[in-house]
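First the structure, in the form of structure tokens, and then the observations on it.
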Amino acid sequence: MGPGGQMISVQPEELTFEVELEKPSYCNIKVVNNTEHHVAFKVKTTSPTKYFVRPNASVVQPWDSCTVTVSHQAQKEYPPDMQCKDKFLIQSAKVPPSSDMDEIPADTFNKDSAKVIEELKLRVVYTFPSQSGRANSEEESGLASSASGRRGSDIQALQCLKEERDAIIQQNHQFQRELDILKRRRNHKSDTGFSLTFAAFAGLVGIMVGFILNLTLSTPPATA
């Protein structure tokens with residue numbers, strides 16, 4: 001048995017929640033079996049709509065323990081003077097060797113003269129977030145903002161690079177078009193020069209042929 005002959009002990013002995021508006025808070029408690037028997041426990045609270053307990057009931061093997069997570073729902077406003085009147089009750093009882101709550105009797109936690117049911121009461125304490133936790137939160141927020149700013153700068157720089165690339169590609173296309181025009185003009189001039197030269201040569205040949213024919217026809221035939 002544990003201190004005071006208790007079947008189970010709970011650590012810590014009170015539930016402490018750091019209250020921050022619009023954010024849920026959590027608290028873990030350890031349920032320790034101080035006996036050589038299997039012990040079942042069940043968690044109850046005076047404000048079941050404010051808390052979510054998992055597991056809210058379980059069986060702990062001899063000399064073993066179980067961690068229970070209690071979730072406090074997000075609050076829209078701080079409680080008056082940060083005081084809380086909520087209470088938790090943990091009932092415990094010996095059960096046959098089993099590790100499944102479905103296998104224990106349904107009336108395990110019903111009080112009668114034939115059974116021994118122990119009860120532990122836990123109070124709830126509200127605290128403000130610790131300075132270190134707040135500093136860490138602010139630091140994480142600053143890092144997130146910085147990372148977001150860097151991502152925005154990277155995206156802007158990438159956009160600028162894309163625009164510069166598109167401008168260069170457009171300039172290259174323009175240069176290529178101008179180069180094609182110059183080539184066509186040069187080829188056209190070469191073809192025109194060749195045609196004029198050929199025409200002049202043909203004209204000169206024609207004049208010479210005409211001159212020879214004229215000279216031949218104008219010469220009188222020789223007499224015998």
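The way I read the labels, and the way they are meant: chains A, B, ... in the order of the structure tokens, residue 1 as the first residue of every chain, and ligand 1 as the first ligand shown, with later ones counted on from there.
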(request) Name all residues at most 12 Å from Cys27 (chain A) (count only C-alpha atoms; drop same-chain ones fewer than 5 positions away) and give them as a PyMOL selection string. (result) chain A and resi 11-19+51-54+67-73+124-126
Restricted to N, CA, C and O atoms, what would the selected residues look like written as a PDB file, in the first residue's frame?
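selection-v5.pdb, freshly written:
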ATOM      1  N   GLN A  11      -0.085  11.962  -9.071  1.00  0.00           N
ATOM      2  CA  GLN A  11       0.959  12.982  -9.188  1.00  0.00           C
ATOM      3  C   GLN A  11       0.696  13.827 -10.440  1.00  0.00           C
ATOM      4  O   GLN A  11       0.521  13.256 -11.531  1.00  0.00           O
ATOM      5  N   PRO A  12       0.646  15.158 -10.295  1.00  0.00           N
ATOM      6  CA  PRO A  12       0.644  15.951  -9.064  1.00  0.00           C
ATOM      7  C   PRO A  12      -0.707  15.879  -8.357  1.00  0.00           C
ATOM      8  O   PRO A  12      -1.650  15.283  -8.887  1.00  0.00           O
ATOM      9  N   GLU A  13      -0.784  16.502  -7.214  1.00  0.00           N
ATOM     10  CA  GLU A  13      -1.985  16.411  -6.403  1.00  0.00           C
ATOM     11  C   GLU A  13      -3.004  17.495  -6.736  1.00  0.00           C
ATOM     12  O   GLU A  13      -4.043  17.600  -6.062  1.00  0.00           O
ATOM     13  N   GLU A  14      -2.724  18.313  -7.720  1.00  0.00           N
ATOM     14  CA  GLU A  14      -3.676  19.302  -8.209  1.00  0.00           C
ATOM     15  C   GLU A  14      -3.457  19.500  -9.710  1.00  0.00           C
ATOM     16  O   GLU A  14      -2.357  19.280 -10.221  1.00  0.00           O
ATOM     17  N   LEU A  15      -4.511  19.907 -10.399  1.00  0.00           N
ATOM     18  CA  LEU A  15      -4.431  20.110 -11.836  1.00  0.00           C
ATOM     19  C   LEU A  15      -4.177  21.587 -12.110  1.00  0.00           C
ATOM     20  O   LEU A  15      -4.976  22.438 -11.712  1.00  0.00           O
ATOM     21  N   THR A  16      -3.082  21.864 -12.784  1.00  0.00           N
ATOM     22  CA  THR A  16      -2.708  23.242 -13.083  1.00  0.00           C
ATOM     23  C   THR A  16      -2.831  23.494 -14.580  1.00  0.00           C
ATOM     24  O   THR A  16      -2.256  22.759 -15.393  1.00  0.00           O
ATOM     25  N   PHE A  17      -3.585  24.529 -14.919  1.00  0.00           N
ATOM     26  CA  PHE A  17      -3.787  24.888 -16.318  1.00  0.00           C
ATOM     27  C   PHE A  17      -3.305  26.319 -16.554  1.00  0.00           C
ATOM     28  O   PHE A  17      -3.650  27.228 -15.790  1.00  0.00           O
ATOM     29  N   GLU A  18      -2.504  26.494 -17.606  1.00  0.00           N
ATOM     30  CA  GLU A  18      -2.099  27.831 -18.018  1.00  0.00           C
ATOM     31  C   GLU A  18      -3.187  28.389 -18.927  1.00  0.00           C
ATOM     32  O   GLU A  18      -3.382  27.897 -20.045  1.00  0.00           O
ATOM     33  N   VAL A  19      -3.879  29.400 -18.443  1.00  0.00           N
ATOM     34  CA  VAL A  19      -5.026  29.939 -19.166  1.00  0.00           C
ATOM     35  C   VAL A  19      -4.575  31.020 -20.134  1.00  0.00           C
ATOM     36  O   VAL A  19      -3.951  32.007 -19.743  1.00  0.00           O
ATOM     37  N   TYR A  51     -14.102  20.066 -19.547  1.00  0.00           N
ATOM     38  CA  TYR A  51     -12.890  19.248 -19.566  1.00  0.00           C
ATOM     39  C   TYR A  51     -13.105  17.992 -20.412  1.00  0.00           C
ATOM     40  O   TYR A  51     -14.209  17.455 -20.514  1.00  0.00           O
ATOM     41  N   PHE A  52     -11.992  17.551 -20.990  1.00  0.00           N
ATOM     42  CA  PHE A  52     -11.982  16.319 -21.780  1.00  0.00           C
ATOM     43  C   PHE A  52     -10.885  15.428 -21.188  1.00  0.00           C
ATOM     44  O   PHE A  52      -9.709  15.793 -21.206  1.00  0.00           O
ATOM     45  N   VAL A  53     -11.282  14.260 -20.641  1.00  0.00           N
ATOM     46  CA  VAL A  53     -10.357  13.390 -19.915  1.00  0.00           C
ATOM     47  C   VAL A  53     -10.160  12.096 -20.694  1.00  0.00           C
ATOM     48  O   VAL A  53     -11.123  11.416 -21.050  1.00  0.00           O
ATOM     49  N   ARG A  54      -8.880  11.753 -20.942  1.00  0.00           N
ATOM     50  CA  ARG A  54      -8.544  10.515 -21.634  1.00  0.00           C
ATOM     51  C   ARG A  54      -7.284   9.889 -21.041  1.00  0.00           C
ATOM     52  O   ARG A  54      -6.256  10.548 -20.969  1.00  0.00           O
ATOM     53  N   THR A  67      -0.956   7.251 -17.279  1.00  0.00           N
ATOM     54  CA  THR A  67      -0.974   8.703 -17.456  1.00  0.00           C
ATOM     55  C   THR A  67      -2.322   9.132 -18.016  1.00  0.00           C
ATOM     56  O   THR A  67      -2.792   8.588 -19.020  1.00  0.00           O
ATOM     57  N   VAL A  68      -2.926  10.105 -17.378  1.00  0.00           N
ATOM     58  CA  VAL A  68      -4.217  10.635 -17.783  1.00  0.00           C
ATOM     59  C   VAL A  68      -4.020  12.069 -18.256  1.00  0.00           C
ATOM     60  O   VAL A  68      -3.390  12.880 -17.563  1.00  0.00           O
ATOM     61  N   THR A  69      -4.549  12.377 -19.426  1.00  0.00           N
ATOM     62  CA  THR A  69      -4.455  13.728 -19.988  1.00  0.00           C
ATOM     63  C   THR A  69      -5.798  14.426 -19.850  1.00  0.00           C
ATOM     64  O   THR A  69      -6.830  13.920 -20.316  1.00  0.00           O
ATOM     65  N   VAL A  70      -5.769  15.580 -19.202  1.00  0.00           N
ATOM     66  CA  VAL A  70      -6.977  16.382 -19.010  1.00  0.00           C
ATOM     67  C   VAL A  70      -6.856  17.635 -19.864  1.00  0.00           C
ATOM     68  O   VAL A  70      -5.903  18.406 -19.715  1.00  0.00           O
ATOM     69  N   SER A  71      -7.817  17.839 -20.767  1.00  0.00           N
ATOM     70  CA  SER A  71      -7.817  19.000 -21.661  1.00  0.00           C
ATOM     71  C   SER A  71      -8.859  20.003 -21.186  1.00  0.00           C
ATOM     72  O   SER A  71     -10.004  19.641 -20.903  1.00  0.00           O
ATOM     73  N   HIS A  72      -8.433  21.242 -21.091  1.00  0.00           N
ATOM     74  CA  HIS A  72      -9.321  22.339 -20.690  1.00  0.00           C
ATOM     75  C   HIS A  72      -9.706  23.121 -21.939  1.00  0.00           C
ATOM     76  O   HIS A  72      -8.843  23.559 -22.694  1.00  0.00           O
ATOM     77  N   GLN A  73     -10.998  23.279 -22.176  1.00  0.00           N
ATOM     78  CA  GLN A  73     -11.444  23.959 -23.377  1.00  0.00           C
ATOM     79  C   GLN A  73     -11.005  25.423 -23.394  1.00  0.00           C
ATOM     80  O   GLN A  73     -10.805  26.044 -22.353  1.00  0.00           O
ATOM     81  N   VAL A 124      -8.469  22.380  -8.994  1.00  0.00           N
ATOM     82  CA  VAL A 124      -7.970  22.963 -10.237  1.00  0.00           C
ATOM     83  C   VAL A 124      -7.373  24.332  -9.956  1.00  0.00           C
ATOM     84  O   VAL A 124      -7.974  25.143  -9.235  1.00  0.00           O
ATOM     85  N   VAL A 125      -6.208  24.585 -10.522  1.00  0.00           N
ATOM     86  CA  VAL A 125      -5.519  25.867 -10.338  1.00  0.00           C
ATOM     87  C   VAL A 125      -5.278  26.496 -11.703  1.00  0.00           C
ATOM     88  O   VAL A 125      -4.798  25.819 -12.631  1.00  0.00           O
ATOM     89  N   TYR A 126      -5.624  27.779 -11.821  1.00  0.00           N
ATOM     90  CA  TYR A 126      -5.368  28.526 -13.050  1.00  0.00           C
ATOM     91  C   TYR A 126      -4.114  29.391 -12.876  1.00  0.00           C
ATOM     92  O   TYR A 126      -3.912  30.001 -11.823  1.00  0.00           O
TER      93      TYR A 126
END
(request) Step one, run DSSP on the backbone; step two, keep only residues of region 42-160 of chain A assigned to alpha helix (DSSP H); then write them as number ranges by chain. (result) A: 131-160
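In this model, the gap between CA of Arg177 (chain A) and CA of Gln159 (chain A) comes to 27.1 Å.
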(request) Could you give me, as a count of residues only, the residues within 12 Å of Glu118 (chain A), counting only C-alpha atoms and dropping anything in the same chain fewer than 6 positions from it? (result) 20
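For region 91-126 of chain A, a DSSP pass over the backbone yields strand (DSSP E) at Gln91, Ser92, Ala93, Lys94, Val95, Glu118, Glu119, Leu120, Lys121, Leu122, Arg123, Val124, Val125 and Tyr126 of chain A.
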(request) Write out as a list in words which residues come within 8 Å of His37 (chain A) when counting only C-alpha atoms, dropping same-chain ones fewer than 4 positions away. (result) Gln61, Pro62, Lys94, Val95 and Pro97 of chain A
Expected file: the selected residues, N, CA and C atoms, as a PDB file, in the first residue's frame:
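Dumped to again12.pdb:
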ATOM      1  N   GLN A  61      -2.237  -2.254 -13.667  1.00  0.00           N
ATOM      2  CA  GLN A  61      -1.680  -3.508 -13.166  1.00  0.00           C
ATOM      3  C   GLN A  61      -0.879  -3.267 -11.893  1.00  0.00           C
ATOM      4  N   PRO A  62      -0.577  -4.315 -11.144  1.00  0.00           N
ATOM      5  CA  PRO A  62       0.138  -4.157  -9.864  1.00  0.00           C
ATOM      6  C   PRO A  62       1.440  -3.380 -10.023  1.00  0.00           C
ATOM      7  N   LYS A  94     -10.326  -2.438  -6.172  1.00  0.00           N
ATOM      8  CA  LYS A  94      -9.659  -3.655  -6.623  1.00  0.00           C
ATOM      9  C   LYS A  94     -10.587  -4.421  -7.553  1.00  0.00           C
ATOM     10  N   VAL A  95      -9.974  -5.012  -8.591  1.00  0.00           N
ATOM     11  CA  VAL A  95     -10.748  -5.781  -9.576  1.00  0.00           C
ATOM     12  C   VAL A  95     -10.002  -7.071  -9.888  1.00  0.00           C
ATOM     13  N   PRO A  97      -7.922  -9.807 -12.017  1.00  0.00           N
ATOM     14  CA  PRO A  97      -6.855  -9.559 -12.995  1.00  0.00           C
ATOM     15  C   PRO A  97      -7.415  -9.345 -14.399  1.00  0.00           C
TER      16      PRO A  97
END
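When CA of Lys87 (chain A) is paired with CA of Thr45 (chain A), their separation reads 5.8 Å.
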(request) Identify, on the basis of only C-alpha atoms, every residue whose closest approach to Lys76 (chain A) does not exceed 9 Å; exclude the query and any residue fewer than 4 positions from it along the same chain; express the result as a list of chain:residue names. (result) A:Glu20, A:Leu21, A:Glu22, A:Lys23
